[in-house]
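This report concerns only the one structure given below.
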Amino acid sequence: MPGERLTFRTSDVGRFPGASPPTRVELSIQKEGEEKTESACHRWFRKMCPCCCKCQNNKTYDITDKVELVNAPTPIPELDGLKPENGDSKEMQVMKLSVCSVDLLSSKTGTNRQSHHTDLYHSEELIIRRGQIFQIALELNRPFSAETDKLHLDLRTGPLPLVSKATHVIIPLVDTLDNKRWGAKIEEQNDNKVKLSIHSAANAVIGLYGLIVTTSSLKNETPNSYSSSKNIIMLFNPWCPEDIVFLDDEEERKEYVLNDTGRIYYGTEKQIGVRTWNFGQFQEGILEACLFILEKSDMPPSGRGDPVNVVRVISAMINAQDDYGVLIGNWSGNYSDGVSPAAWSSSVEILRKYHSSNGTPVSYGQCWVFSGVTTSVLRCLGIPARSVTNFQSAHDTDVSLTTDVYFDENMDPIDYLNSDSVWNFHVWNDCWMARPDLPHGHGGWQAVDSTPQETSQGTFRCGPASVTAIRSGQVYLKHDTPFVFAEVNSDKIYWQRNLDGTFSQIHSEKKAVGHFISTKAVGSDERADITHLYKHQEGSEEERIAVETASRFGSKPDVYSTAIAEDVNVEVMMVGEGPRMGADAHLNIVVKNLSSQPRRTTLHSQVAVMYYTGVVKDTIKKEQLPVELLPNEEKIIEWVLPYQQYQNQLVDQAALMLTLSGRVNETKQVLANQTCFRLLTPDLNIMPLGKAVVGKEMAAKITFTNPLPRMLKSVVFRVEGLGLQKGHEVFVGDVSGHSTVTLTEHFIPTQPGTRKLVASLDCKQLTQVHGVADIIVLEQ
């Protein structure tokens with residue numbers, strides 16, 4: 001109509017585009033220059049119910065973000081012509097019930113966060129674990145009456161919430177809570193205030209939910225809906241027996257879910273190194289980053305209730321090989337346009353950087369970095385997880401379930417055929433869950449690997465594979481069990497090319513791979529050897545049965561048809577802790593004659609620079625070693641690699657591989673041995689200075705001595721301490737040969753307890769240099 005003005009506005013719900021919840025729509029028609037009048041009935045109604053009938057002036061209209069449908073007032077017959085008095089309960093009962101406010105009780109110190117073990121998360125949202133009761137408080141416009149009123153809750157997650165997909169949950173009001181399904185019960189009622197206890201399902205979809213409270217009367221009137229301005233974050237629950245990820249040991253839950261620092265092992269089986277890693281799953285922005293990773297994956301929200309699916313997706317998303325995941329893998333040695341993998345000591349900066357850049361992959365990662373970030377994400381989401389290191393870890397490329405080494409007619413390795421490799425070490429993850437999708441007995445620890453090695457169903461991912469299935473050789477059980485089995489328990493088979501171009505099996509090593517499988521011990525910084533979980537004792541009947549059972553499902557099922565006699569052994573022994581960077585490398589070759597007859601052979605030795613992944617870069621020394629053995633004699637041959645021969649050849653990890661091969665003259669027995677070793681690097685020494693108190697400045701001195709007789713170029717220190725200081729870089733510059741650098745860090749602790757200050761050195765000439773100091777911070 002001429003002279004009238006139309007005002008129309010709607011509001012969206014939370015962060016879920018595409019959802020279609022009730023929206024608040026207010027329509028007002030007012031003539032230009034005309035003041036709005038208010039009837040006596042409306043004035044009384046506003047006085048009795050100020051929450052849902054707010055006073056408005058002539059010119060503006062109150063439009064809020066609350067999800068609420070406000071209808072035009074309908075006549076109330078009982079009130080026609082009446083002048084109600086204060087306290088008239090009959091008239092109050094006919095008022096339409098609505099919600100004035102919702103308190104999610106999300107304080108870190110409140111009962112919800114404490115009982116759900118989510119008080120360590122930095123976020124102020126309500127963070128809960130599924131399968132457990134939580135509480136919220138409602139303020140209504142009048143007291144709730146079970147005889148005349150109805151109330152229910154709606155939880156919605158994902159872009160298109162559907163009840164059939166469990167992404168739209170309708171929670172009814174019940175008299176008694178059932179621990180197997182959703183339900184809400186009135187716990188307390190005080191006048192207009194109501195406290196609800198809500199029980200979630202133990203198989204609920206995890207992630208970010210929006211909450212809507214809907215009220216109405218039993219007369220089927222149009223309902224009122226109110227949307228909470230805060231979201232609810234649902235996580236897996238290892239404390240809940242009905243949850244698939246339930247872990248029935250409090251100390252293990254503290255270690256594998258709540259511990260935000262850990263230890264990651266590297267090196268070789270005879271030179272096991274260790275570094276401290278900040279998982280930081282409770283740090284600011286990390287939970288949001290983990291939820292962002294799930295959103296960025298192709299997994300529909302309905303799949304987020306199954307931890308098997310979630311772990312498989314996380315395995316794919318931590319690497320950027322084919323889906324723009326978190327980390328770009330780089331084993332080239334050139335990291336000039338990113339951060340060297342060896343320089344990271346924390347997942348925090350990596351995850352924050354990925355999230356803040358809206359999913360731009362971070363440069364660069366190698367296996368321990370992929371594993372550290374995977375541990376952070378899984379623990380953050382509530383799945384018990386740990387980083388696991390396998391020494392002498394095989395990489396089977398042809399699904400033979402053996403590690404194959406090929407030689408030509410002269411016993412020289414055929415490099416282009418040797419695609420299988422044995423990594424000095426490889427780091428992946430274990431995560432804990434039941435496996436209802438597998439035969440009974442295969443729950444517990446599951447192997448999952450985020451390092452991009454081989455594709456699984458077209459994507460670079462691996463697992464979860466039942467560790468129990470791996471141990472018994474049941475490689476036909478999903479997911480990717482054959483690949484992990486080969487990593488820990490394949491035999492190394494040696495093949496020699498014949499004159500007609502065919503190959504004959506000439507030797508096998510039954511104990512070549514899968515040594516000292518290691519993880520951090522529960523409740524301490526000690527190393528726990530978990531090899532027995534992945535394989536039976538080497539050489540036992542059970543172990544041989546597992547290997548031969550697995551091989552029958554591989555591409556070379558007849559590889560064990562011929563037994564080979566052996567009476568001469570050759571092995572390589574380390575001298576002390578092993579060779580050190582900057583000095584000549586010394587090893588001992590031990591040759592044993594187990595027969596009562598003399599034996600003669602010539603050992604062909606070659607040492608090659610290699611990446612820790614087992615890929616050979618260059619051979620730097622070759623020689624022949626004639627050996628004559630008396631009956632039952634053992635000889636020790638000292639082998640030396642001068643510093644000058646390797647100083648300009650090394651790549652990351654300073655790893656080398658010594659290959660020995662030969663044939664016994666009298667028996668034609670083939671001798672073959674491959675030994676990997678590394679050149680040890682010095683640690684950073686970190687010394688706290690002064691007393692550590694929350695809110696008071698303190699310092700720590702970091703000392704490093706260059707072990708090389710040459711200059712290190714463009715040295716950078718990276719320093720971080722959860723609860724001490726944020727991660728940052730300190731540019732040191734060039735450090736001359738054998739000189740010492742001292743750096744003093746000043747910082748103010750923010751959290752009490754035992755905190756770890758971690759530092760690493762980053763430079764082209766020297767990698768895997770790091771250090772850690774425990775700092776006990778007192779309350780102020």
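All residue names refer to the structure tokens as shown: chains lettered A, B, ... in order, residues numbered from 1 in each chain, ligands numbered from 1 in order.
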
Exercise for the section: Could you give me the residues within region 375-565 of chain A that DSSP places in strand (DSSP E or B), as a VMD selection string? Expected result: chain A and resid 385 to 395 403 to 407 413 421 to 433 444 to 449 455 to 456 459 to 460 462 to 466 492 to 497 503 to 509 515 to 520 527 to 529

Exercise for the section: Find the residues near Val758 (chain A): any atom within 10 Å, counting only C-alpha atoms, skip ones fewer than 3 places away on the same chain, and give them as a VMD selection string. Expected result: chain A and resid 275 to 278 345 to 346 684 686 718 to 722 727 755 770 to 774

Using 7 Å as the limit and counting only C-alpha atoms, can you tabulate each residue of region 212-320 of chain A that touches region 103-122 of chain A, with its shortest atom-to-atom distance in Å and the two atoms involved, as CSV?
residue,atom,partner,partner_atom,distance
A:Phe282,CA,A:Tyr121,CA,4.4
A:Gln283,CA,A:His122,CA,5.8
A:Glu284,CA,A:His122,CA,5.1

Can you write just those residues out, all heavy atoms, as a CSV table (one decimal), in the first residue's frame?
chain,number,residue,atom,x,y,z
A,282,PHE,N,46.2,-30.1,22.5
A,282,PHE,CA,45.2,-29.2,23.3
A,282,PHE,C,45.6,-27.7,23.0
A,282,PHE,O,44.9,-26.9,23.6
A,282,PHE,CB,45.3,-29.5,24.8
A,282,PHE,CG,45.0,-30.9,25.1
A,282,PHE,CD1,46.0,-31.7,25.7
A,282,PHE,CD2,43.8,-31.5,24.8
A,282,PHE,CE1,45.7,-33.1,26.0
A,282,PHE,CE2,43.6,-32.8,25.1
A,282,PHE,CZ,44.5,-33.6,25.7
A,283,GLN,N,46.6,-27.4,22.2
A,283,GLN,CA,47.0,-26.0,22.0
A,283,GLN,C,45.9,-25.3,21.2
A,283,GLN,O,45.1,-25.8,20.5
A,283,GLN,CB,48.3,-26.0,21.3
A,283,GLN,CG,49.5,-26.5,22.1
A,283,GLN,CD,49.7,-25.7,23.4
A,283,GLN,OE1,50.1,-24.5,23.3
A,283,GLN,NE2,49.6,-26.3,24.5
A,284,GLU,N,46.0,-23.9,21.4
A,284,GLU,CA,45.0,-23.1,20.7
A,284,GLU,C,45.0,-23.3,19.2
A,284,GLU,O,46.0,-23.3,18.5
A,284,GLU,CB,45.4,-21.6,21.0
A,284,GLU,CG,44.4,-20.6,20.4
A,284,GLU,CD,44.7,-19.2,20.7
A,284,GLU,OE1,45.8,-19.0,21.4
A,284,GLU,OE2,43.9,-18.3,20.4

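If only C-alpha atoms are the atoms counted, then among A:Ser336, A:Gln674, A:Gln537, A:Asn648 the closest residue to Ala512 (chain A) is A:Gln674.
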
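Considering only C-alpha atoms, the residue among A:Asn319, A:Ser302, A:Ser540, A:Ser551 positioned nearest to Gly473 (chain A) is A:Ser551.
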
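Distances from A:Cys100, A:Leu162, A:Ala202, A:Ala447 to Phe483 (chain A) were compared using only C-alpha atoms, and the smallest one belongs to A:Ala447.
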
Exercise for the section: Write out as a ChimeraX atom specification all residues of region 568-737 of chain A that backbone DSSP assigns to alpha helix (DSSP H). Expected result: /A:643-646

If you keep N, CA and C atoms, can you produce a file of those selected residues as a CSV table (one decimal), in the first residue's frame?
chain,number,residue,atom,x,y,z
A,643,TYR,N,87.1,-40.5,6.7
A,643,TYR,CA,86.3,-39.3,6.7
A,643,TYR,C,86.3,-38.7,5.3
A,644,GLN,N,87.5,-38.6,4.7
A,644,GLN,CA,87.6,-37.9,3.4
A,644,GLN,C,86.8,-38.6,2.3
A,645,GLN,N,86.5,-39.9,2.5
A,645,GLN,CA,85.7,-40.5,1.4
A,645,GLN,C,84.2,-40.3,1.5
A,646,TYR,N,83.7,-39.8,2.7
A,646,TYR,CA,82.3,-39.6,2.8
A,646,TYR,C,81.9,-38.2,3.0

Exercise for the section: Compare A:Asp260, A:Glu548, A:Glu409, A:Asp243 by their minimum atom-to-atom distance to Arg435 (chain A), counting only C-alpha atoms, and give me the closest one. Expected result: A:Asp243

Exercise for the section: Please identify all polymer residues within 10 Å of Pro241 (chain A), counting only C-alpha atoms, omitting same-chain residues fewer than 5 positions from it, and present them as a PyMOL selection string. Expected result: chain A and resi 131+202+246-248

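Atom pair CA of Val777 (chain A) / CA of Asn259 (chain A) has a distance of 17.0 Å (rounded to one decimal).
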
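When only C-alpha atoms are used to compute distances to Thr754 (chain A), the closest of the residues A:Ala166, A:Val547, A:Leu778, A:Val484 turns out to be A:Leu778.
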
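We find CA of Leu689 (chain A) and CA of Ser347 (chain A) to be spaced 26.7 Å apart.
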
Handout entry: Selected residue, from A:Ala343, A:Val422, A:Met95, A:Ile314, that lies nearest to His728 (chain A) when counting only C-alpha atoms
Key = A:Ala343
